[in-house]
Amino acid sequence: MAVYDRGYRGYRGTLMPARSRFLVISRYGLRDIFASRLFLAFFAFCFAWPLVLLVGMYLRYNAEALAVINISAADLLDFVQVNTWFFESLFLRAQLYLAFVVVLVVGPSLVSADLRNRAMPLYLSRPLTRTDYVLGKLVVLGVLVSAITWAPGLLLFAIQAALGGGEWLAEHWRVAPSLVVVSTVWMLCMSLPMLAIAAWVKWKPWARIVFLGAILSGTAFGEFYKQFYDSWLGSMVVAFDVTAALSASVFGTQASVQMPGAAAWLAAVGLVALSAALLYRRVRAFEVVK
Amino acid sequence: MVTSTAATGGEAQKQAAGASPPVIDLDGLGVRFGRHQVLDDMRGAFSGRAIGLLGPNGAGKTTLLNTLLGFYRPTTGTARLFGMDITAQGRELRRRVGYMPERDAFIAGISGVRFVRLMAELSGLPSEAALERAHEVFFYVGLGEARYRNVETYSLGMKQLLKLAQAIAHGPSLLFLDEPTNGLDPPARLRMLRLIREIRDSGNARIVVSSHLLRDVEECCEEVLVLNRGKIATYCNLAEERRANRRFLELDLGAEREGAGSAFRGAIEGLGCEVAVVNRRRIKAVLPPGVGVRHIYAAAIEQDVTIRRLDYKRTSLEDIFLKAMEGDDGRL
């Protein structure tokens with residue numbers, strides 16, 4: 001079907017593997033997102049805090065550099081303790097807030113426009129399942145969240161391990177897998193509800209408002225329940241409490257909330273399952289009116 | 001239940017095709033949404049290059065297409081495309097299928113060529129091949145100059161062509177077109193029908209056209225399935241119908257001497273024609289093999305009869321459609 005020969009012909013070339021076909025959706029999604037300069041600037045800003053921490057780590061082990069900026073090594077060693085707390089509270093928690101903004105900005109644009117413009121029949125008339133579609137969209141958020149959470153976290157961990165030596169590594173090895181697990185679970189807990197809401201609301205600004213509203217109302221209700229009944233059960237619907245309890249259970253630290261780790265996992269799994277079910281109800285070629 | 005014509009036609013096509021399976025093989029296919037039976041016990045095998053799905057609104061045309069595409073799961077029976085089961089081998093089938101939906105459907109915020117490229121890549125084409133094909137199909141459907149424009153800025157006619165472009169970008173061997181001429185002005189409609197005929201005649205893809213416009217189906221399809229209330233009301237092989245119609249004649253005779261008309265009728269009956277007299281001046285005849293119109297004219301000259309009008313009596317698709325829509329009491 002060359003341009004000069006305007007006749008129809010079939011395609012007889014090679015085909016890409018079916019199993020990785022969902023990555024096409026992810027690739028196009030990522031390219032569209034990074035086409036926005038504003039988002040690109042924000043995404044670059046997300047690396048500022050890890051960079052600051054990296055500089056702190058470097059200075060901690062570099063007496064010459066400390067002398068140049070007139071700080072004593074002892075002061076800095078006291079001030080910057082590179083331990084589990086450093087990675088969990090100082091690094092990861094800050095990055096998760098930024099990742100929340102990323103999910104809030106990017107999530108609705110991935111799904112709502114497709115549903116609003118009836119693109120689902122186009123996707124699903126191809127060798128692509130609904131799971132592939134959801135997976136393709138989820139990978140976009142997964143890549144973005146990973147890039148600002150566990151990826152720089154592991155980099156910091158590797159650098160610290162190199163600077164701190166084998167003793168430090170033996171003491172803190174659990175930090176590395178914990179960074180990945182907490183970031184991934186958090187990504188699923190935020191991304192799937194965001195995609196589900198976007199699929200139902202179909203309009204980006206409203207999807208964001210509904211998502212924020214759900215988190216805030218959950219927090220308000222949970223806090224009220226905790227105060228009124230003096231029970232940690234209210235934490236089950238408070239996103240920050242669930243994150244804190246889950247993170248503490250994975251990192252093996254003392255949680256800042258009363259909620260047990262198992263309850264946090266239960267809340268996370270429940271949220272993911274509910275969101276996936278809601279999303280699957282919406283991601284269809286056509287609505288079936290019974 | 002499928003009409004006996006369809007079943008016979010389907011079997012004949014199966015035999016003619018030998019080992020190659022029919023394009024569409026409906027095996028008691030039924031789809032139910034809640035208490036509403038949308039498709040009911042559809043049976044038949046169809047192998048035409050272009051198959052038309054006709055029916056009034058709500059007859060089940062789009063539901064049938066959507067079920068064949070795997071969007072709806074059959075509640076009873078099944079269907080096969082090219083011998084592959086739509087439920088068990090849906091993914092493999094959709095690789096070979098192109099689909100042009102009835103309503104507006106696009107991905108917002110991207111250029112036309114990028115949209116078609118994405119669709120081709122999702123069908124399995126490597127990125128470079130998909131880009132090449134996207135450009136080619138844009139020129140093929142006549143949107144070459146608009147391919148870098150954002151799809152949201154396309155007019156209705158352009159969006160129809162864009163939907164066709166994405167449906168053929170990956171070179172499918174079966175093309176489902178749902179109301180392809182919806183909302184098109186006359187020139188755009190003609191262009192769309194020409195493209196459909198070209199694809200059909202290329203032999204690279206079989207086409208299923210769903211439409212409620214008889215003329216569109218008549219212009220580009222060889223076989224027609226008329227659906228009514230979720231059932232196959234009738235099946236018609238338009239090509240065979242056209243060939244058969246060549247044997248039917250309707251003649252208007254001019255004023256002639258006394259008894260010339262009877263003599264003329266006798267003469268053409270002598271040629272082996274079956275003759276029916278409508279009135280004194282009009283007769284209908286069925287030509288036997290080997291007898292052509294020139295023999296009729298020769299008989300008219302011999303009997304000194306003037307033939308004022310000679311028509312092939314053509315059963316139009318409209319006749320077939322209206323007959324299929326008739327209720328048992330003969331009302332529409």
# chains A, B, ... in the order shown; residues from 1 in each chain; ligands from 1
call {"tool": "select_by_dssp", "arguments": {"residues": "region 156-189 of chain B", "states": "alpha helix (DSSP H)", "output": "MDAnalysis selection string"}}
result
chainID B and resid 156:168 186:189
call {"tool": "interface_residues", "arguments": {"of": "chain B", "to": "chain A", "cutoff": "6 Å", "atoms": "only C-alpha atoms", "output": "ChimeraX atom specification"}}
result
/B:33-34,91,94-95,105-107,123-126,136,140,171,199,204
call {"tool": "write_last_selection", "arguments": {"atoms": "N, CA and C atoms", "output": "mmCIF file, in the first residue's frame"}}
result
data_model
loop_
_atom_site.group_PDB
_atom_site.id
_atom_site.type_symbol
_atom_site.label_atom_id
_atom_site.label_comp_id
_atom_site.auth_asym_id
_atom_site.auth_seq_id
_atom_site.Cartn_x
_atom_site.Cartn_y
_atom_site.Cartn_z
ATOM 1 N N PHE B 33 -29.213 -10.042 27.434
ATOM 2 C CA PHE B 33 -28.836 -9.038 28.442
ATOM 3 C C PHE B 33 -29.959 -9.003 29.470
ATOM 4 N N GLY B 34 -29.705 -9.544 30.620
ATOM 5 C CA GLY B 34 -30.766 -9.609 31.629
ATOM 6 C C GLY B 34 -31.910 -10.448 31.104
ATOM 7 N N ARG B 91 -8.460 -13.837 21.196
ATOM 8 C CA ARG B 91 -7.281 -12.984 21.059
ATOM 9 C C ARG B 91 -6.629 -13.163 19.684
ATOM 10 N N ARG B 94 -8.803 -11.565 17.026
ATOM 11 C CA ARG B 94 -8.788 -10.106 16.963
ATOM 12 C C ARG B 94 -7.513 -9.571 16.308
ATOM 13 N N ARG B 95 -6.513 -10.407 16.229
ATOM 14 C CA ARG B 95 -5.315 -10.017 15.491
ATOM 15 C C ARG B 95 -5.620 -9.913 14.000
ATOM 16 N N ALA B 105 -15.194 7.466 17.774
ATOM 17 C CA ALA B 105 -14.280 6.807 18.704
ATOM 18 C C ALA B 105 -12.864 7.211 18.331
ATOM 19 N N PHE B 106 -12.174 7.814 19.271
ATOM 20 C CA PHE B 106 -10.788 8.200 19.007
ATOM 21 C C PHE B 106 -10.047 8.406 20.316
ATOM 22 N N ILE B 107 -8.750 8.590 20.204
ATOM 23 C CA ILE B 107 -7.949 8.863 21.397
ATOM 24 C C ILE B 107 -7.600 10.338 21.361
ATOM 25 N N SER B 123 -2.076 -3.849 17.418
ATOM 26 C CA SER B 123 -2.408 -5.071 16.681
ATOM 27 C C SER B 123 -1.177 -5.934 16.458
ATOM 28 N N GLY B 124 -0.027 -5.444 16.864
ATOM 29 C CA GLY B 124 1.164 -6.282 16.826
ATOM 30 C C GLY B 124 2.246 -5.830 15.866
ATOM 31 N N LEU B 125 1.999 -4.767 15.104
ATOM 32 C CA LEU B 125 3.026 -4.335 14.156
ATOM 33 C C LEU B 125 4.197 -3.689 14.904
ATOM 34 N N PRO B 126 5.412 -3.935 14.456
ATOM 35 C CA PRO B 126 6.544 -3.230 15.065
ATOM 36 C C PRO B 126 6.408 -1.726 14.821
ATOM 37 N N GLU B 136 0.581 5.306 4.991
ATOM 38 C CA GLU B 136 0.002 4.730 3.771
ATOM 39 C C GLU B 136 -1.524 4.726 3.817
ATOM 40 N N TYR B 140 -4.355 6.400 1.535
ATOM 41 C CA TYR B 140 -5.310 5.494 0.892
ATOM 42 C C TYR B 140 -6.748 5.966 1.097
ATOM 43 N N GLY B 171 -3.688 -4.339 8.287
ATOM 44 C CA GLY B 171 -3.939 -5.301 7.211
ATOM 45 C C GLY B 171 -4.741 -6.504 7.649
ATOM 46 N N ILE B 199 -11.441 -2.492 -1.290
ATOM 47 C CA ILE B 199 -10.887 -3.452 -0.319
ATOM 48 C C ILE B 199 -11.453 -4.836 -0.610
ATOM 49 N N ASN B 204 -7.846 -9.123 -0.324
ATOM 50 C CA ASN B 204 -7.009 -9.259 0.874
ATOM 51 C C ASN B 204 -7.809 -9.293 2.163
#
call {"tool": "closest_residue", "arguments": {"among": "B:Val275, B:Ile24, B:Leu214, B:Ala263", "to": "Ala299 (chain B)", "atoms": "only C-alpha atoms"}}
result
B:Ala263
call {"tool": "closest_residue", "arguments": {"among": "A:Leu66, A:Leu92, A:Ala35, A:Ala273", "to": "Leu53 (chain A)", "atoms": "only C-alpha atoms"}}
result
A:Leu92
call {"tool": "residues_around", "arguments": {"residues": "Leu169 (chain A)", "least_positions_apart": "2", "cutoff": "12 Å", "atoms": "only C-alpha atoms", "output": "list of chain:residue names"}}
result
A:Val82, A:Asn83, A:Thr84, A:Phe157, A:Ala158, A:Ile159, A:Gln160, A:Ala161, A:Ala162, A:Leu163, A:Gly164, A:Gly165, A:Gly166, A:Glu167, A:Glu171, A:His172, A:Trp173, A:Arg174, A:Val175, A:Ala176
call {"tool": "residues_around", "arguments": {"residues": "region 186-203 of chain A", "least_positions_apart": "4", "cutoff": "9 Å", "atoms": "only C-alpha atoms", "output": "ChimeraX atom specification"}}
result
/A:96,99-100,103-104,107-116,134,137-138,141-142,145-146,181-182,207-208,210-211,243,268-269,271-280,282-283
call {"tool": "write_last_selection", "arguments": {"atoms": "C-alpha atoms", "output": "short mmCIF file (atom, residue, chain, number, x, y, z; two decimals), in the first residue's frame"}}
result
data_model
loop_
_atom_site.label_atom_id
_atom_site.label_comp_id
_atom_site.auth_asym_id
_atom_site.auth_seq_id
_atom_site.Cartn_x
_atom_site.Cartn_y
_atom_site.Cartn_z
CA LEU A 96 5.50 9.50 48.63
CA ALA A 99 4.29 10.66 44.15
CA PHE A 100 0.78 11.38 45.37
CA VAL A 103 -0.73 10.15 40.60
CA LEU A 104 -3.25 12.94 41.08
CA GLY A 107 -3.90 9.26 36.69
CA PRO A 108 -7.12 10.82 35.39
CA SER A 109 -5.63 11.74 32.02
CA LEU A 110 -4.75 8.10 31.37
CA VAL A 111 -8.25 6.68 31.47
CA SER A 112 -10.98 9.30 31.49
CA ALA A 113 -10.30 10.61 27.97
CA ASP A 114 -10.40 7.10 26.51
CA LEU A 115 -13.77 6.43 28.06
CA ARG A 116 -15.16 9.86 27.25
CA VAL A 134 -5.37 -1.65 32.83
CA LYS A 137 -2.05 2.32 32.18
CA LEU A 138 -0.82 1.12 35.56
CA LEU A 141 2.02 5.34 36.98
CA GLY A 142 4.30 2.56 38.16
CA VAL A 145 6.19 6.55 41.01
CA SER A 146 9.11 4.12 40.99
CA VAL A 181 7.75 -3.11 48.74
CA VAL A 182 6.36 0.00 50.43
CA ALA A 207 -11.88 12.82 39.04
CA ARG A 208 -9.17 14.67 40.97
CA VAL A 210 -13.51 13.11 43.91
CA PHE A 211 -10.19 11.38 44.69
CA THR A 243 0.74 4.07 54.97
CA ALA A 268 -4.46 -1.98 51.46
CA VAL A 269 -5.52 -5.28 49.90
CA LEU A 271 -8.68 -0.99 48.69
CA VAL A 272 -6.79 -2.50 45.75
CA ALA A 273 -9.41 -5.24 45.25
CA LEU A 274 -12.32 -2.80 45.43
CA SER A 275 -10.64 -0.38 43.03
CA ALA A 276 -9.78 -3.15 40.57
CA ALA A 277 -13.38 -4.39 40.64
CA LEU A 278 -14.74 -0.89 40.05
CA LEU A 279 -12.24 -0.29 37.27
CA TYR A 280 -13.10 -3.57 35.56
CA ARG A 282 -15.99 0.41 33.60
CA VAL A 283 -13.26 -0.77 31.26
#
call {"tool": "decode", "arguments": {"residues": "region 20-126 of chain A", "atoms": "C-alpha atoms", "output": "PDB file, in the first residue's frame"}}
result
ATOM      1  CA  SER A  20       4.231  -7.470  25.948  1.00  0.00           C
ATOM      2  CA  ARG A  21       1.618  -5.685  23.807  1.00  0.00           C
ATOM      3  CA  PHE A  22       0.312  -3.742  26.826  1.00  0.00           C
ATOM      4  CA  LEU A  23       3.642  -1.931  26.968  1.00  0.00           C
ATOM      5  CA  VAL A  24       2.662  -0.080  23.793  1.00  0.00           C
ATOM      6  CA  ILE A  25      -0.047   1.671  25.828  1.00  0.00           C
ATOM      7  CA  SER A  26       2.502   2.489  28.529  1.00  0.00           C
ATOM      8  CA  ARG A  27       5.030   3.822  26.021  1.00  0.00           C
ATOM      9  CA  TYR A  28       2.510   6.128  24.370  1.00  0.00           C
ATOM     10  CA  GLY A  29       1.187   7.199  27.763  1.00  0.00           C
ATOM     11  CA  LEU A  30       4.622   8.149  29.058  1.00  0.00           C
ATOM     12  CA  ARG A  31       5.488  10.024  25.883  1.00  0.00           C
ATOM     13  CA  ASP A  32       2.272  12.038  26.086  1.00  0.00           C
ATOM     14  CA  ILE A  33       2.874  12.916  29.726  1.00  0.00           C
ATOM     15  CA  PHE A  34       6.431  14.087  29.181  1.00  0.00           C
ATOM     16  CA  ALA A  35       5.278  16.218  26.257  1.00  0.00           C
ATOM     17  CA  SER A  36       4.080  18.662  28.941  1.00  0.00           C
ATOM     18  CA  ARG A  37       6.929  20.947  29.989  1.00  0.00           C
ATOM     19  CA  LEU A  38       5.163  21.832  33.208  1.00  0.00           C
ATOM     20  CA  PHE A  39       4.998  18.195  34.221  1.00  0.00           C
ATOM     21  CA  LEU A  40       8.595  17.686  33.170  1.00  0.00           C
ATOM     22  CA  ALA A  41       9.666  20.565  35.422  1.00  0.00           C
ATOM     23  CA  PHE A  42       7.676  19.141  38.339  1.00  0.00           C
ATOM     24  CA  PHE A  43       9.095  15.688  37.745  1.00  0.00           C
ATOM     25  CA  ALA A  44      12.616  17.095  37.772  1.00  0.00           C
ATOM     26  CA  PHE A  45      11.773  18.877  41.040  1.00  0.00           C
ATOM     27  CA  CYS A  46      10.827  15.494  42.543  1.00  0.00           C
ATOM     28  CA  PHE A  47      14.533  14.583  42.484  1.00  0.00           C
ATOM     29  CA  ALA A  48      15.597  17.644  44.473  1.00  0.00           C
ATOM     30  CA  TRP A  49      15.124  16.086  47.903  1.00  0.00           C
ATOM     31  CA  PRO A  50      16.990  12.841  47.090  1.00  0.00           C
ATOM     32  CA  LEU A  51      19.761  15.056  45.733  1.00  0.00           C
ATOM     33  CA  VAL A  52      19.901  17.033  48.976  1.00  0.00           C
ATOM     34  CA  LEU A  53      20.087  13.778  50.941  1.00  0.00           C
ATOM     35  CA  LEU A  54      22.775  12.489  48.621  1.00  0.00           C
ATOM     36  CA  VAL A  55      24.845  15.618  49.223  1.00  0.00           C
ATOM     37  CA  GLY A  56      24.342  15.175  52.979  1.00  0.00           C
ATOM     38  CA  MET A  57      25.515  11.565  52.768  1.00  0.00           C
ATOM     39  CA  TYR A  58      28.533  12.557  50.732  1.00  0.00           C
ATOM     40  CA  LEU A  59      29.512  15.339  53.098  1.00  0.00           C
ATOM     41  CA  ARG A  60      29.170  12.994  56.062  1.00  0.00           C
ATOM     42  CA  TYR A  61      32.013  10.914  54.715  1.00  0.00           C
ATOM     43  CA  ASN A  62      34.127  13.699  53.248  1.00  0.00           C
ATOM     44  CA  ALA A  63      36.057  15.727  55.813  1.00  0.00           C
ATOM     45  CA  GLU A  64      37.745  17.923  53.162  1.00  0.00           C
ATOM     46  CA  ALA A  65      34.433  19.010  51.747  1.00  0.00           C
ATOM     47  CA  LEU A  66      33.107  19.733  55.239  1.00  0.00           C
ATOM     48  CA  ALA A  67      36.136  21.867  55.946  1.00  0.00           C
ATOM     49  CA  VAL A  68      35.426  23.938  52.851  1.00  0.00           C
ATOM     50  CA  ILE A  69      31.893  24.774  54.087  1.00  0.00           C
ATOM     51  CA  ASN A  70      33.164  25.150  57.651  1.00  0.00           C
ATOM     52  CA  ILE A  71      31.148  22.355  59.355  1.00  0.00           C
ATOM     53  CA  SER A  72      32.675  19.877  61.733  1.00  0.00           C
ATOM     54  CA  ALA A  73      32.321  16.218  60.856  1.00  0.00           C
ATOM     55  CA  ALA A  74      31.092  15.413  64.382  1.00  0.00           C
ATOM     56  CA  ASP A  75      28.195  17.879  64.079  1.00  0.00           C
ATOM     57  CA  LEU A  76      27.101  16.408  60.781  1.00  0.00           C
ATOM     58  CA  LEU A  77      27.440  12.834  62.001  1.00  0.00           C
ATOM     59  CA  ASP A  78      25.093  13.688  64.843  1.00  0.00           C
ATOM     60  CA  PHE A  79      22.698  15.607  62.613  1.00  0.00           C
ATOM     61  CA  VAL A  80      22.445  13.160  59.699  1.00  0.00           C
ATOM     62  CA  GLN A  81      22.008   9.608  60.970  1.00  0.00           C
ATOM     63  CA  VAL A  82      21.856   7.384  57.875  1.00  0.00           C
ATOM     64  CA  ASN A  83      19.779   4.517  59.171  1.00  0.00           C
ATOM     65  CA  THR A  84      16.349   2.960  58.643  1.00  0.00           C
ATOM     66  CA  TRP A  85      14.663   6.117  59.913  1.00  0.00           C
ATOM     67  CA  PHE A  86      16.623   8.134  57.324  1.00  0.00           C
ATOM     68  CA  PHE A  87      15.280   6.022  54.464  1.00  0.00           C
ATOM     69  CA  GLU A  88      11.773   5.458  55.782  1.00  0.00           C
ATOM     70  CA  SER A  89      10.863   8.831  57.253  1.00  0.00           C
ATOM     71  CA  LEU A  90      13.268  11.326  55.820  1.00  0.00           C
ATOM     72  CA  PHE A  91      13.477  10.004  52.275  1.00  0.00           C
ATOM     73  CA  LEU A  92      10.501   7.793  51.431  1.00  0.00           C
ATOM     74  CA  ARG A  93       7.725   9.682  53.195  1.00  0.00           C
ATOM     75  CA  ALA A  94       8.648  12.935  51.463  1.00  0.00           C
ATOM     76  CA  GLN A  95       8.874  11.179  48.117  1.00  0.00           C
ATOM     77  CA  LEU A  96       5.503   9.497  48.626  1.00  0.00           C
ATOM     78  CA  TYR A  97       3.873  12.915  49.028  1.00  0.00           C
ATOM     79  CA  LEU A  98       5.373  13.954  45.699  1.00  0.00           C
ATOM     80  CA  ALA A  99       4.288  10.657  44.152  1.00  0.00           C
ATOM     81  CA  PHE A 100       0.776  11.383  45.369  1.00  0.00           C
ATOM     82  CA  VAL A 101       0.811  14.609  43.346  1.00  0.00           C
ATOM     83  CA  VAL A 102       2.105  12.680  40.317  1.00  0.00           C
ATOM     84  CA  VAL A 103      -0.730  10.150  40.601  1.00  0.00           C
ATOM     85  CA  LEU A 104      -3.246  12.942  41.081  1.00  0.00           C
ATOM     86  CA  VAL A 105      -2.034  14.798  37.982  1.00  0.00           C
ATOM     87  CA  VAL A 106      -1.347  11.883  35.636  1.00  0.00           C
ATOM     88  CA  GLY A 107      -3.900   9.263  36.690  1.00  0.00           C
ATOM     89  CA  PRO A 108      -7.122  10.817  35.387  1.00  0.00           C
ATOM     90  CA  SER A 109      -5.628  11.739  32.019  1.00  0.00           C
ATOM     91  CA  LEU A 110      -4.754   8.097  31.374  1.00  0.00           C
ATOM     92  CA  VAL A 111      -8.255   6.680  31.472  1.00  0.00           C
ATOM     93  CA  SER A 112     -10.982   9.304  31.487  1.00  0.00           C
ATOM     94  CA  ALA A 113     -10.299  10.609  27.968  1.00  0.00           C
ATOM     95  CA  ASP A 114     -10.398   7.097  26.510  1.00  0.00           C
ATOM     96  CA  LEU A 115     -13.771   6.425  28.062  1.00  0.00           C
ATOM     97  CA  ARG A 116     -15.156   9.858  27.247  1.00  0.00           C
ATOM     98  CA  ASN A 117     -14.179   9.515  23.588  1.00  0.00           C
ATOM     99  CA  ARG A 118     -15.382   5.900  23.364  1.00  0.00           C
ATOM    100  CA  ALA A 119     -11.908   4.576  22.558  1.00  0.00           C
ATOM    101  CA  MET A 120     -12.428   1.318  24.451  1.00  0.00           C
ATOM    102  CA  PRO A 121     -13.918  -0.578  21.466  1.00  0.00           C
ATOM    103  CA  LEU A 122     -10.840   0.424  19.480  1.00  0.00           C
ATOM    104  CA  TYR A 123      -8.477  -0.974  22.111  1.00  0.00           C
ATOM    105  CA  LEU A 124     -10.488  -4.109  22.815  1.00  0.00           C
ATOM    106  CA  SER A 125     -11.128  -4.989  19.176  1.00  0.00           C
ATOM    107  CA  ARG A 126      -7.404  -5.654  19.018  1.00  0.00           C
TER     108      ARG A 126
END
